[in-house]
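Asker: So I've got this file, input_24.txt, and it contains compact mmCIF, C-alpha atoms:
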# COMPACT_ATOMS: atom_id res chain seq x y z
CA LEU O 1 177.46 167.14 104.31
CA GLN O 2 175.95 169.80 102.06
CA ASN O 3 173.71 167.18 100.43
CA VAL O 4 171.96 166.02 103.63
CA ARG O 5 171.32 169.29 105.46
CA ILE O 6 167.95 171.06 105.22
CA ASP O 7 168.85 173.63 102.62
CA PRO O 8 166.96 174.46 99.39
CA ASN O 9 170.26 173.92 97.54
CA SER O 10 170.90 170.41 98.91
CA ILE O 11 170.15 167.17 97.04
CA SER O 12 167.95 165.83 99.82
CA PHE O 13 165.84 168.99 100.29
CA SER O 14 163.18 168.05 97.72
CA MET O 15 163.00 164.57 99.25
CA TRP O 16 162.52 166.12 102.70
CA LYS O 17 159.91 168.65 101.49
CA ASP O 18 157.70 166.30 99.46
CA ILE O 19 158.58 162.76 100.42
CA PRO O 20 158.74 160.78 97.15
CA ILE O 21 158.63 157.40 98.88
CA PRO O 22 155.30 155.57 98.40
CA PHE O 23 153.97 155.05 101.94
CA TYR O 24 151.11 152.71 102.72
CA LEU O 25 148.91 152.41 105.78
CA SER O 26 147.66 148.85 106.29
CA VAL O 27 144.93 148.39 108.91
CA HIS O 28 143.89 145.06 110.43
CA PHE O 29 140.73 144.93 112.57
CA PHE O 30 139.93 142.39 115.29
CA GLU O 31 136.34 141.23 115.00
CA VAL O 32 134.72 139.91 118.18
CA VAL O 33 133.22 136.55 117.18
CA ASN O 34 131.31 135.87 120.43
CA PRO O 35 129.95 139.22 121.73
CA LYS O 36 126.93 137.67 123.54
CA GLU O 37 129.16 135.21 125.39
CA VAL O 38 131.61 137.98 126.36
CA LEU O 39 128.71 139.83 128.00
CA GLN O 40 128.19 136.72 130.15
CA GLY O 41 131.83 136.63 131.24
CA ALA O 42 133.37 134.44 128.51
CA LYS O 43 136.81 134.97 127.02
CA PRO O 44 136.68 137.11 123.84
CA VAL O 45 137.31 135.21 120.61
CA LEU O 46 138.90 137.40 117.93
CA ASN O 47 139.14 137.08 114.17
CA GLN O 48 141.61 139.30 112.32
CA ARG O 49 140.13 141.09 109.28
CA GLY O 50 141.98 142.94 106.55
CA PRO O 51 144.33 144.39 105.69
CA TYR O 52 142.55 147.52 104.47
CA VAL O 53 145.31 149.37 102.62
CA TYR O 54 145.62 153.13 102.02
CA ARG O 55 148.13 155.00 99.88
CA GLU O 56 149.60 157.74 102.01
CA LEU O 57 150.79 161.04 100.54
CA ARG O 58 152.89 163.31 102.75
CA TYR O 59 153.84 166.90 102.06
CA LYS O 60 155.10 169.87 104.07
CA THR O 61 153.63 173.36 104.24
CA ASN O 62 154.36 176.54 106.21
CA ILE O 63 158.11 175.92 105.84
CA THR O 64 159.80 178.77 107.72
CA PHE O 65 163.55 179.12 108.25
CA HIS O 66 164.76 180.81 111.45
CA ASP O 67 168.00 182.59 112.38
CA ASN O 68 168.96 179.97 114.98
CA ASP O 69 169.66 177.20 112.44
CA THR O 70 166.14 175.75 112.68
CA VAL O 71 163.16 175.38 110.35
CA SER O 72 159.47 174.99 111.20
CA PHE O 73 156.90 173.10 109.15
CA LEU O 74 153.55 171.35 109.14
CA GLU O 75 153.41 167.92 107.52
CA TYR O 76 150.07 166.81 106.13
CA ARG O 77 148.89 163.30 105.30
CA LYS O 78 146.27 162.30 102.74
CA LEU O 79 145.00 158.72 102.58
CA PHE O 80 143.50 156.98 99.54
CA PHE O 81 141.92 153.54 99.77
CA GLN O 82 143.58 150.88 97.59
CA PRO O 83 141.00 148.15 96.79
CA ASP O 84 143.47 146.08 94.74
CA MET O 85 145.88 145.83 97.69
CA SER O 86 143.20 145.19 100.33
CA SER O 87 141.51 142.04 101.59
CA GLY O 88 138.05 143.55 101.77
CA ASN O 89 136.40 146.94 101.31
CA GLU O 90 135.29 149.84 103.51
CA GLU O 91 131.62 148.82 103.26
CA GLU O 92 132.20 145.54 105.10
CA TYR O 93 130.60 145.20 108.55
CA ILE O 94 132.66 144.22 111.59
CA VAL O 95 131.55 143.53 115.18
CA VAL O 96 133.75 145.49 117.60
CA PRO O 97 133.30 146.98 121.08
CA ASN O 98 131.12 150.08 121.27
CA ILE O 99 134.22 152.17 121.85
CA LEU O 100 132.42 155.32 122.98
CA MET O 101 130.08 153.51 125.37
CA MET O 102 132.59 151.06 126.86
CA GLY O 103 135.24 153.75 127.18
CA ALA O 104 132.84 156.15 128.88
CA ALA O 105 131.64 153.38 131.23
CA VAL O 106 135.15 152.72 132.52
CA MET O 107 135.84 156.46 132.78
CA MET O 108 132.66 156.89 134.88
CA GLU O 109 133.31 153.92 137.16
CA ASN O 110 134.02 156.07 140.23
CA LEU O 111 131.16 158.55 139.73
CA PRO O 112 128.05 158.41 141.99
CA ASN O 113 125.69 155.52 141.27
CA PHE O 114 122.77 157.79 140.38
CA VAL O 115 124.80 159.33 137.53
CA LYS O 116 125.65 155.87 136.19
CA LEU O 117 122.02 154.76 136.51
CA LEU O 118 120.86 157.84 134.60
CA LEU O 119 123.39 157.12 131.85
CA SER O 120 122.37 153.46 131.79
CA GLY O 121 118.75 154.47 131.25
CA ALA O 122 119.74 156.88 128.52
CA LEU O 123 121.80 154.16 126.83
CA ALA O 124 118.78 151.84 126.88
CA GLY O 125 116.64 154.58 125.31
CA LEU O 126 119.24 155.03 122.57
CA LYS O 127 119.45 151.23 122.13
CA GLN O 128 123.17 151.33 122.82
CA GLU O 129 124.89 147.99 123.42
CA ALA O 130 128.37 146.95 124.50
CA PHE O 131 129.24 145.75 121.00
CA MET O 132 128.35 147.34 117.67
CA ASN O 133 128.21 146.16 114.08
CA ARG O 134 129.55 148.93 111.83
CA THR O 135 131.39 149.26 108.55
CA VAL O 136 135.14 149.59 108.29
CA GLY O 137 134.68 153.08 106.86
CA GLU O 138 132.50 154.18 109.79
CA ILE O 139 134.91 152.88 112.42
CA MET O 140 137.87 154.55 110.73
CA TRP O 141 136.49 157.82 109.36
CA GLY O 142 133.61 158.49 111.71
CA TYR O 143 129.91 157.99 112.31
CA GLU O 144 127.32 160.19 113.95
CA ASP O 145 126.16 158.87 117.31
CA PRO O 146 123.55 160.48 119.62
CA LEU O 147 125.56 159.00 122.48
CA ILE O 148 128.06 161.84 122.10
CA ASP O 149 125.45 164.46 123.00
CA THR O 150 124.07 162.25 125.78
CA ILE O 151 127.45 161.86 127.46
CA ASN O 152 128.15 165.57 127.12
CA THR O 153 124.78 166.25 128.80
CA PHE O 154 125.29 163.93 131.79
CA VAL O 155 129.05 164.47 132.29
CA PRO O 156 130.11 167.74 130.61
CA GLY O 157 133.74 167.66 129.50
CA LEU O 158 134.12 163.87 129.71
CA ILE O 159 134.59 163.68 125.93
CA PRO O 160 135.51 167.15 124.66
CA PHE O 161 134.33 166.76 121.08
CA LYS O 162 131.11 166.86 119.10
CA GLY O 163 129.83 165.46 115.82
CA LYS O 164 131.29 162.28 114.38
CA PHE O 165 133.46 159.75 116.16
CA GLY O 166 136.06 157.66 114.32
CA LEU O 167 139.42 156.15 115.25
CA PHE O 168 141.25 157.73 112.29
CA ILE O 169 139.03 160.78 111.79
CA GLU O 170 141.84 163.17 112.75
CA LEU O 171 144.49 161.43 110.63
CA ASN O 172 143.28 162.11 107.09
CA ASN O 173 143.92 165.57 105.59
CA SER O 174 145.51 166.71 108.84
CA ASN O 175 148.96 167.51 110.19
CA SER O 176 150.91 166.02 113.07
CA GLY O 177 151.64 169.35 114.75
CA LEU O 178 154.15 172.16 114.19
CA PHE O 179 157.65 170.70 114.21
CA THR O 180 160.73 172.89 114.53
CA VAL O 181 163.93 171.01 113.69
CA ASN O 182 167.61 171.79 113.21
CA THR O 183 168.72 172.43 109.62
CA GLY O 184 172.31 171.22 110.13
CA VAL O 185 173.73 174.20 108.21
CA LYS O 186 175.85 175.26 111.21
CA ASN O 187 176.08 171.88 112.96
CA ILE O 188 175.51 168.82 110.76
CA SER O 189 175.39 166.49 113.77
CA ARG O 190 172.10 168.18 114.81
CA VAL O 191 170.35 168.05 111.43
CA HIS O 192 166.69 166.91 111.69
CA MET O 193 166.83 166.86 115.50
CA VAL O 194 163.63 168.31 117.00
CA ASP O 195 163.99 171.70 118.66
CA SER O 196 160.29 171.94 119.62
CA TRP O 197 156.87 170.51 118.81
CA ASN O 198 153.88 172.86 118.85
CA GLY O 199 156.18 175.32 120.59
CA LEU O 200 156.94 172.84 123.39
CA LYS O 201 160.39 171.67 124.46
CA LYS O 202 158.71 168.82 126.33
CA VAL O 203 155.17 167.47 126.67
CA ASN O 204 153.13 167.22 129.87
CA TYR O 205 151.28 163.93 129.34
CA TRP O 206 153.43 161.84 131.64
CA ARG O 207 154.55 161.68 135.27
CA SER O 208 158.31 162.10 134.86
CA SER O 209 160.53 164.64 133.17
CA GLU O 210 162.36 161.85 131.34
CA CYS O 211 159.16 160.46 129.79
CA ASN O 212 157.99 163.96 128.80
CA MET O 213 161.18 164.77 126.89
CA ILE O 214 160.99 165.36 123.12
CA ASN O 215 164.04 163.49 121.84
CA GLY O 216 165.48 162.65 118.45
CA THR O 217 164.07 163.63 115.06
CA ALA O 218 160.55 163.86 113.63
CA GLY O 219 160.91 160.27 112.44
CA GLU O 220 161.73 160.94 108.79
CA LEU O 221 165.50 161.47 108.54
CA TRP O 222 168.46 161.30 110.93
CA PRO O 223 171.91 162.93 111.13
CA PRO O 224 174.61 161.40 108.88
CA PHE O 225 177.45 159.13 109.95
CA MET O 226 175.28 157.04 112.24
CA SER O 227 176.79 154.64 114.75
CA PRO O 228 175.36 151.14 115.22
CA THR O 229 173.79 151.90 118.60
CA SER O 230 170.32 153.46 118.63
CA LEU O 231 168.12 156.14 117.09
CA GLU O 232 165.34 158.27 118.56
CA PHE O 233 162.27 160.05 117.22
CA TYR O 234 159.23 161.82 118.63
CA SER O 235 155.86 160.29 117.70
CA PRO O 236 152.79 162.56 118.08
CA ASP O 237 150.59 159.47 117.54
CA ALA O 238 152.13 157.76 120.58
CA CYS O 239 152.52 161.09 122.46
CA ARG O 240 156.11 160.21 123.36
CA SER O 241 159.66 159.82 122.14
CA MET O 242 160.73 156.34 121.10
CA THR O 243 164.16 154.76 121.01
CA LEU O 244 164.97 151.96 118.58
CA VAL O 245 168.11 149.85 118.94
CA TYR O 246 170.58 148.53 116.39
CA GLU O 247 169.97 144.92 115.37
CA GLN O 248 172.19 144.20 112.36
CA SER O 249 173.92 145.55 109.27
CA GLY O 250 172.83 144.58 105.79
CA LYS O 251 171.90 145.86 102.34
CA PHE O 252 168.67 147.07 100.78
CA LYS O 253 168.86 146.79 97.00
CA ASP O 254 172.68 147.07 97.15
CA VAL O 255 172.57 150.08 99.50
CA PRO O 256 174.27 149.50 102.90
CA ILE O 257 171.87 149.85 105.83
CA TYR O 258 171.66 149.55 109.60
CA ARG O 259 168.49 147.86 110.83
CA PHE O 260 166.95 149.32 113.99
CA VAL O 261 164.18 147.57 115.94
CA ALA O 262 162.12 148.15 119.08
CA PRO O 263 163.73 146.91 122.31
CA LYS O 264 161.65 144.66 124.56
CA THR O 265 161.61 147.51 127.09
CA LEU O 266 159.77 149.94 124.76
CA PHE O 267 156.34 149.22 126.27
CA ALA O 268 157.52 147.51 129.47
CA ASN O 269 155.84 148.56 132.71
CA GLY O 270 157.61 150.45 135.49
CA THR O 271 158.24 147.30 137.51
CA ASP O 272 160.11 145.51 134.72
CA TYR O 273 161.81 148.68 133.47
CA PRO O 274 161.97 151.53 136.05
CA PRO O 275 162.57 154.37 133.49
CA ASN O 276 159.04 153.67 132.17
CA GLU O 277 157.45 154.35 135.56
CA GLY O 278 156.58 157.82 134.29
CA PHE O 279 154.19 156.29 131.74
CA CYS O 280 152.16 154.61 134.48
CA PRO O 281 149.60 153.78 135.88
CA CYS O 282 150.70 150.53 134.26
CA MET O 283 149.28 147.08 133.79
CA GLN O 284 151.20 144.14 132.35
CA SER O 285 154.42 144.71 130.44
CA GLY O 286 153.99 145.14 126.71
CA ILE O 287 151.17 147.70 126.75
CA GLN O 288 151.41 151.43 127.38
CA ASN O 289 148.62 153.44 128.92
CA VAL O 290 147.94 156.42 126.62
CA SER O 291 144.76 157.61 128.36
CA THR O 292 146.38 160.90 129.41
CA CYS O 293 146.83 161.92 125.77
CA ARG O 294 143.63 160.29 124.49
CA LEU O 295 140.93 162.24 126.36
CA ASN O 296 141.42 159.97 129.43
CA ALA O 297 139.81 157.06 127.58
CA PRO O 298 141.11 153.63 128.73
CA MET O 299 143.29 153.16 125.65
CA PHE O 300 146.59 151.27 125.39
CA ILE O 301 149.13 150.89 122.61
CA SER O 302 151.30 147.83 122.04
CA HIS O 303 152.99 145.80 119.36
CA PRO O 304 150.52 143.86 117.16
CA HIS O 305 149.11 140.66 118.68
CA PHE O 306 150.84 141.67 121.94
CA TYR O 307 154.22 140.71 120.48
CA ASN O 308 156.96 141.07 123.13
CA ALA O 309 154.27 141.47 125.84
CA ASP O 310 153.32 139.57 128.98
CA PRO O 311 151.84 136.20 127.85
CA ALA O 312 148.87 136.87 130.15
CA LEU O 313 147.64 139.49 127.65
CA VAL O 314 147.67 136.97 124.78
CA ASN O 315 146.03 134.29 126.93
CA ALA O 316 143.19 136.61 128.01
CA VAL O 317 141.70 136.37 124.50
CA GLU O 318 141.62 133.80 121.72
CA GLY O 319 142.83 134.40 118.19
CA LEU O 320 146.20 136.11 118.70
CA HIS O 321 149.41 134.68 117.25
CA PRO O 322 152.36 137.01 117.92
CA SER O 323 155.46 136.55 115.76
CA LYS O 324 158.54 138.59 114.98
CA ASP O 325 158.18 138.23 111.20
CA GLN O 326 154.58 139.49 111.18
CA HIS O 327 154.46 141.96 114.05
CA ALA O 328 157.89 143.43 114.85
CA LEU O 329 158.64 146.96 113.62
CA PHE O 330 161.90 147.87 111.90
CA LEU O 331 163.69 150.79 110.28
CA ASP O 332 166.49 150.33 107.71
CA VAL O 333 168.67 153.45 107.51
CA HIS O 334 171.62 154.30 105.26
CA PRO O 335 174.18 155.08 107.98
CA MET O 336 176.30 157.55 105.98
CA THR O 337 173.36 159.88 105.17
CA GLY O 338 170.78 159.02 107.86
CA ILE O 339 168.13 158.48 105.15
CA PRO O 340 165.67 155.58 105.73
CA MET O 341 165.62 153.12 102.85
CA ASN O 342 162.92 150.74 104.06
CA CYS O 343 160.62 150.78 107.09
CA SER O 344 157.54 149.24 108.65
CA ILE O 345 156.29 150.88 111.83
CA LYS O 346 153.59 148.74 113.47
CA LEU O 347 151.37 149.56 116.44
CA GLN O 348 148.22 148.10 117.97
CA LEU O 349 145.35 150.04 119.56
CA ASN O 350 143.64 148.39 122.53
CA LEU O 351 140.62 149.22 124.72
CA TYR O 352 140.31 148.21 128.37
CA ILE O 353 136.78 146.90 128.96
CA LYS O 354 135.09 145.54 132.07
CA GLN O 355 131.79 145.27 133.93
CA VAL O 356 130.91 148.58 135.55
CA SER O 357 128.36 148.44 138.35
CA GLY O 358 125.31 150.59 137.67
CA ILE O 359 125.68 150.39 133.90
CA ILE O 360 123.73 147.32 132.86
CA GLN O 361 124.99 147.41 129.26
CA THR O 362 128.41 146.19 130.46
CA GLY O 363 126.84 142.90 131.58
CA LYS O 364 129.32 140.54 133.25
CA ILE O 365 132.30 141.44 131.07
CA LYS O 366 135.52 140.37 132.73
CA PRO O 367 138.34 142.96 132.80
CA VAL O 368 140.43 142.58 129.66
CA VAL O 369 142.65 144.68 127.41
CA LEU O 370 140.90 144.01 124.11
CA PRO O 371 142.75 144.57 120.81
CA LEU O 372 140.76 146.78 118.43
CA LEU O 373 143.10 146.97 115.46
CA TRP O 374 146.72 147.11 114.45
CA PHE O 375 148.29 149.09 111.65
CA ALA O 376 151.55 149.27 109.76
CA GLU O 377 152.98 152.36 108.08
CA SER O 378 155.40 151.03 105.47
CA GLY O 379 157.52 152.56 102.76
CA SER O 380 160.74 152.03 100.80
CA ILE O 381 162.83 153.99 98.32
CA GLU O 382 162.43 152.59 94.82
CA GLY O 383 162.45 153.44 91.10
CA SER O 384 164.12 156.63 89.88
CA VAL O 385 164.56 157.94 93.42
CA LEU O 386 166.51 154.81 94.39
CA LYS O 387 168.62 155.08 91.23
CA GLN O 388 169.47 158.74 91.94
CA PHE O 389 170.20 157.95 95.58
CA TYR O 390 172.42 155.00 94.66
CA THR O 391 174.34 156.98 92.04
CA ASN O 392 174.94 160.16 94.08
CA LEU O 393 175.36 158.76 97.56
CA VAL O 394 176.64 155.19 97.09
CA LEU O 395 178.23 154.60 93.68
CA ILE O 396 180.16 157.88 93.31
CA PRO O 397 181.52 157.83 96.91
CA SER O 398 182.55 154.18 96.35
CA LEU O 399 184.35 155.07 93.12
CA LEU O 400 186.11 157.94 94.87
CA ASP O 401 187.05 155.52 97.64
CA TYR O 402 188.59 153.12 95.12
CA LEU O 403 190.30 155.98 93.30
CA GLN O 404 192.03 157.14 96.47
CA TYR O 405 193.57 153.67 96.85
CA ILE O 406 194.60 153.67 93.19
CA PHE O 407 196.23 157.08 93.62
CA LEU O 408 197.80 155.91 96.85
CA GLY O 409 199.20 152.88 95.04
CA LEU O 410 200.49 155.05 92.21
CA SER O 411 202.07 157.39 94.75
CA VAL O 412 203.87 154.47 96.39
CA LEU O 413 205.12 153.28 93.00
CA LEU O 414 206.34 156.77 92.15
CA ILE O 415 208.16 157.03 95.49
CA ILE O 416 209.81 153.63 94.97
CA SER O 417 210.70 154.54 91.40
CA ALA O 418 212.23 157.83 92.53
CA ALA O 419 214.19 156.07 95.26
CA VAL O 420 215.54 153.47 92.82
CA THR O 421 216.52 156.22 90.38
CA MET O 422 218.37 158.09 93.12
CA VAL O 423 220.27 154.94 94.17
CA MET O 424 221.21 154.07 90.62
CA SER O 425 222.38 157.62 89.93
CA GLN O 426 224.76 157.41 92.86
Could you quickly redo this structure as structure tokens?
Answerer:
Amino acid sequence: LQNVRIDPNSISFSMWKDIPIPFYLSVHFFEVVNPKEVLQGAKPVLNQRGPYVYRELRYKTNITFHDNDTVSFLEYRKLFFQPDMSSGNEEEYIVVPNILMMGAAVMMENLPNFVKLLLSGALAGLKQEAFMNRTVGEIMWGYEDPLIDTINTFVPGLIPFKGKFGLFIELNNSNSGLFTVNTGVKNISRVHMVDSWNGLKKVNYWRSSECNMINGTAGELWPPFMSPTSLEFYSPDACRSMTLVYEQSGKFKDVPIYRFVAPKTLFANGTDYPPNEGFCPCMQSGIQNVSTCRLNAPMFISHPHFYNADPALVNAVEGLHPSKDQHALFLDVHPMTGIPMNCSIKLQLNLYIKQVSGIIQTGKIKPVVLPLLWFAESGSIEGSVLKQFYTNLVLIPSLLDYLQYIFLGLSVLLIISAAVTMVMSQ
């Protein structure tokens, strides 16, 4: 118990502070093969590109212990491109939707026609089109676009940011918010459980109190002595708490583990799974509307290739091949300590695109939830860390377990021997 609590004197503290596990972020883009045809109403044809792999370093700063058995911290991430592990480089060009333009078009659908016509004229002057051909690096880490200033001029506050736009621009060299979690010093069953995030006990993105709750841990470690049921964590990237369910027991490099996976209800709509009604407005099951925490842009998250989603989503485009082996997420946790041994958390980012009257650049695009990319954050304990973990938290406890049976057996023999001696002496 002393080894797994958040205490500078515990074995796991250094692991918690500066995670020694090599994490990797693998990004797969969906290139639109037939952009001209899509503008005329054809079904999008997609070609998966990548992976583009990044080594991910995580470390905590501003670690502050409080009197109420909690500790606050900021966790930063730094990403470094790994050419030898990637199928391509950041200078490669990929045709994808013009995310800013198509997102703004859908967001402006209900505005007066004259506003949309003005924007359409401005887009023509800027030579903006529904699809763009940009490098992987630009799409991920940002590119300067005069469209940002144009949108801010016509509809102030529609996109509350300036400068560059990139899908991962806020991920590198940044933190995921101020977490305050339980240390477990007074109550080990609460160790790593989130007390607040950015000072909040619950978020306000969603339409129900249940969906706004901040449950579980920060997604790194869990309380010890886990039961084979479920585990929860709060994900700032998904703006919600997630619950994974127990699938099976097994071993990872001789260490016992429980495997937890996403239930089919994780991204189900409110019709198929009523508790998710708070995440609506919903579309088909298998995608979650995250517009309320993504500047109201028509963005959705899902499993990669719409795995575990309504088949209509897969059939609306060509080029998707969902499979459990490739696209299901999992988390392997040592149940006695609550320490993850091996994990691969996979999510897909999607953009809802359609024809918007008054904005000619949207052509005759049929409404579709279009996959942009999917990514996997993967890591496993290995090398000297695995050896230390195995020795201290698996091998020694196992030896002690065997020794107790040996001593128990010796005790029984001694009792029998004493009894026999007493009988013989009589």
Asker: Can you work out which one of O:Ser302, O:Thr61, O:Ser26, O:Thr271 has the shortest atom-to-atom distance to Ala238 in chain O, counting only C-alpha atoms?
Answerer: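 With only C-alpha atoms as the atom set, the closest residue is O:Ser302.
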Asker: Give me the residues near range 34-47 of chain O as a PyMOL selection string, where near means some atom within 9 Å (using only C-alpha atoms) and where sequence neighbours in that chain fewer than 6 positions away do not count.
Answerer: chain O and resi 95-97+130-131+316-320+355+361-366+368+370-371
Asker: For range 286-288 of chain O, please output as number ranges by chain all residues within 12 Å (counting only C-alpha atoms; exclusion window: fewer than 6 positions along the same chain).
Answerer: O: 206, 238-240, 262-273, 276-280, 298-314, 347-352, 369-371
Asker: Residues proximal to (174.2, 143.0, 109.1) were defined as those with any atom within 12 Å of that point in the file's coordinates, counting all atoms listed in the file. Which are they, as JSON, numbers by chain?
Answerer: {"O": [228, 246, 247, 248, 249, 250, 251, 252, 256, 257, 258, 259, 260, 332, 333]}
Asker: Smallest atom-to-atom distance to Arg77 in chain O: which of O:Lys202, O:Met107, O:Met140, O:Phe168, using all atoms listed in the file?
Answerer: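 Among the listed residues, the smallest separation from Arg77 in chain O belongs to O:Phe168.
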Asker: O:Pro275, O:Pro367, O:Pro224, O:Pro8: which is nearest Ser209 in chain O, counting all atoms listed in the file?
Answerer: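 Once distances to Ser209 in chain O are computed over all atoms listed in the file, the minimum belongs to O:Pro275.
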Asker: Which residue is closest to Val356 in chain O? Choose from O:Leu244, O:Ala104, O:Leu373, O:Cys343 and count all atoms listed in the file.
Answerer: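 Looking only at the distances to Val356 in chain O, the closest residue turns out to be O:Ala104.
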Asker: Find the residues near Trp141 in chain O: any atom within 8 Å, counting all atoms listed in the file, skip ones fewer than 3 places away on the same chain, and give them as a PyMOL selection string.
Answerer: chain O and resi 137-138+165-169
Asker: I need every residue sitting at most 12 Å from the point (158.1, 160.5, 110.6) (coordinates as in the file, all atoms listed in the file considered), written as a ChimeraX atom specification.
Answerer: /O:16,19,23,58-60,74-77,175-177,179,192-194,216-222,232-238,241-242,331,339-340,343-345,377-379
Asker: Convert the current residue selection to file output with C-alpha atoms, as a tab-separated table (two decimals), keeping the file's coordinate frame.
Answerer:
chain	number	residue	atom	x	y	z
O	16	TRP	CA	162.52	166.12	102.70
O	19	ILE	CA	158.58	162.76	100.42
O	23	PHE	CA	153.97	155.05	101.94
O	58	ARG	CA	152.89	163.31	102.75
O	59	TYR	CA	153.84	166.90	102.06
O	60	LYS	CA	155.10	169.87	104.07
O	74	LEU	CA	153.55	171.35	109.14
O	75	GLU	CA	153.41	167.92	107.52
O	76	TYR	CA	150.07	166.81	106.13
O	77	ARG	CA	148.89	163.30	105.30
O	175	ASN	CA	148.96	167.51	110.19
O	176	SER	CA	150.91	166.02	113.07
O	177	GLY	CA	151.64	169.35	114.75
O	179	PHE	CA	157.65	170.70	114.21
O	192	HIS	CA	166.69	166.91	111.69
O	193	MET	CA	166.83	166.86	115.50
O	194	VAL	CA	163.63	168.31	117.00
O	216	GLY	CA	165.48	162.65	118.45
O	217	THR	CA	164.07	163.63	115.06
O	218	ALA	CA	160.55	163.86	113.63
O	219	GLY	CA	160.91	160.27	112.44
O	220	GLU	CA	161.73	160.94	108.79
O	221	LEU	CA	165.50	161.47	108.54
O	222	TRP	CA	168.46	161.30	110.93
O	232	GLU	CA	165.34	158.27	118.56
O	233	PHE	CA	162.27	160.05	117.22
O	234	TYR	CA	159.23	161.82	118.63
O	235	SER	CA	155.86	160.29	117.70
O	236	PRO	CA	152.79	162.56	118.08
O	237	ASP	CA	150.59	159.47	117.54
O	238	ALA	CA	152.13	157.76	120.58
O	241	SER	CA	159.66	159.82	122.14
O	242	MET	CA	160.73	156.34	121.10
O	331	LEU	CA	163.69	150.79	110.28
O	339	ILE	CA	168.13	158.48	105.15
O	340	PRO	CA	165.67	155.58	105.73
O	343	CYS	CA	160.62	150.78	107.09
O	344	SER	CA	157.54	149.24	108.65
O	345	ILE	CA	156.29	150.88	111.83
O	377	GLU	CA	152.98	152.36	108.08
O	378	SER	CA	155.40	151.03	105.47
O	379	GLY	CA	157.52	152.56	102.76
Asker: Name all residues at most 10 Å from Glu109 in chain O (count all atoms listed in the file; drop same-chain ones fewer than 2 positions away) and give them as a list in words.
Answerer: Ala104, Ala105, Val106, Met107, Leu111, Pro112, Asn113, Lys116, Lys354, Gln355, Val356, Ser357, Gly358 and Ile359 of chain O
Asker: Okay, now the selection with C-alpha atoms, as a JSON list (two decimals), keeping the file's coordinate frame?
Answerer:
[["chain", "number", "residue", "atom", "x", "y", "z"],
["O", 104, "ALA", "CA", 132.84, 156.15, 128.88],
["O", 105, "ALA", "CA", 131.64, 153.38, 131.23],
["O", 106, "VAL", "CA", 135.15, 152.72, 132.52],
["O", 107, "MET", "CA", 135.84, 156.46, 132.78],
["O", 111, "LEU", "CA", 131.16, 158.55, 139.73],
["O", 112, "PRO", "CA", 128.05, 158.41, 141.99],
["O", 113, "ASN", "CA", 125.69, 155.52, 141.27],
["O", 116, "LYS", "CA", 125.65, 155.87, 136.19],
["O", 354, "LYS", "CA", 135.09, 145.54, 132.07],
["O", 355, "GLN", "CA", 131.79, 145.27, 133.93],
["O", 356, "VAL", "CA", 130.91, 148.58, 135.55],
["O", 357, "SER", "CA", 128.36, 148.44, 138.35],
["O", 358, "GLY", "CA", 125.31, 150.59, 137.67],
["O", 359, "ILE", "CA", 125.68, 150.39, 133.90]]
Asker: Expressed in Å to a single decimal, how great is the separation between CA of Ile99 in chain O and CA of Thr150 in chain O?
Answerer: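 Computed distance, CA of Ile99 in chain O to CA of Thr150 in chain O, equals 14.8 Å.
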Asker: When you get a chance, write out N, CA, C and O atoms for range 36-42 of chain O, as a tab-separated table (two decimals), in the coordinates of the input.
Answerer:
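Output file part_35.tsv is given in full below:
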chain	number	residue	atom	x	y	z
O	36	LYS	N	127.94	138.03	122.53
O	36	LYS	CA	126.93	137.67	123.54
O	36	LYS	C	127.56	136.90	124.69
O	36	LYS	O	127.23	137.12	125.86
O	37	GLU	N	128.49	135.99	124.36
O	37	GLU	CA	129.16	135.21	125.39
O	37	GLU	C	130.08	136.08	126.24
O	37	GLU	O	130.20	135.87	127.45
O	38	VAL	N	130.73	137.07	125.61
O	38	VAL	CA	131.61	137.98	126.36
O	38	VAL	C	130.80	138.74	127.41
O	38	VAL	O	131.27	138.97	128.54
O	39	LEU	N	129.58	139.13	127.05
O	39	LEU	CA	128.71	139.83	128.00
O	39	LEU	C	128.37	138.96	129.20
O	39	LEU	O	128.03	139.48	130.28
O	40	GLN	N	128.47	137.65	129.05
O	40	GLN	CA	128.19	136.72	130.15
O	40	GLN	C	129.47	136.29	130.87
O	40	GLN	O	129.43	135.40	131.72
O	41	GLY	N	130.59	136.91	130.53
O	41	GLY	CA	131.83	136.63	131.24
O	41	GLY	C	132.79	135.71	130.51
O	41	GLY	O	133.83	135.32	131.07
O	42	ALA	N	132.49	135.34	129.27
O	42	ALA	CA	133.37	134.44	128.51
O	42	ALA	C	134.59	135.18	127.97
O	42	ALA	O	134.60	136.41	127.86
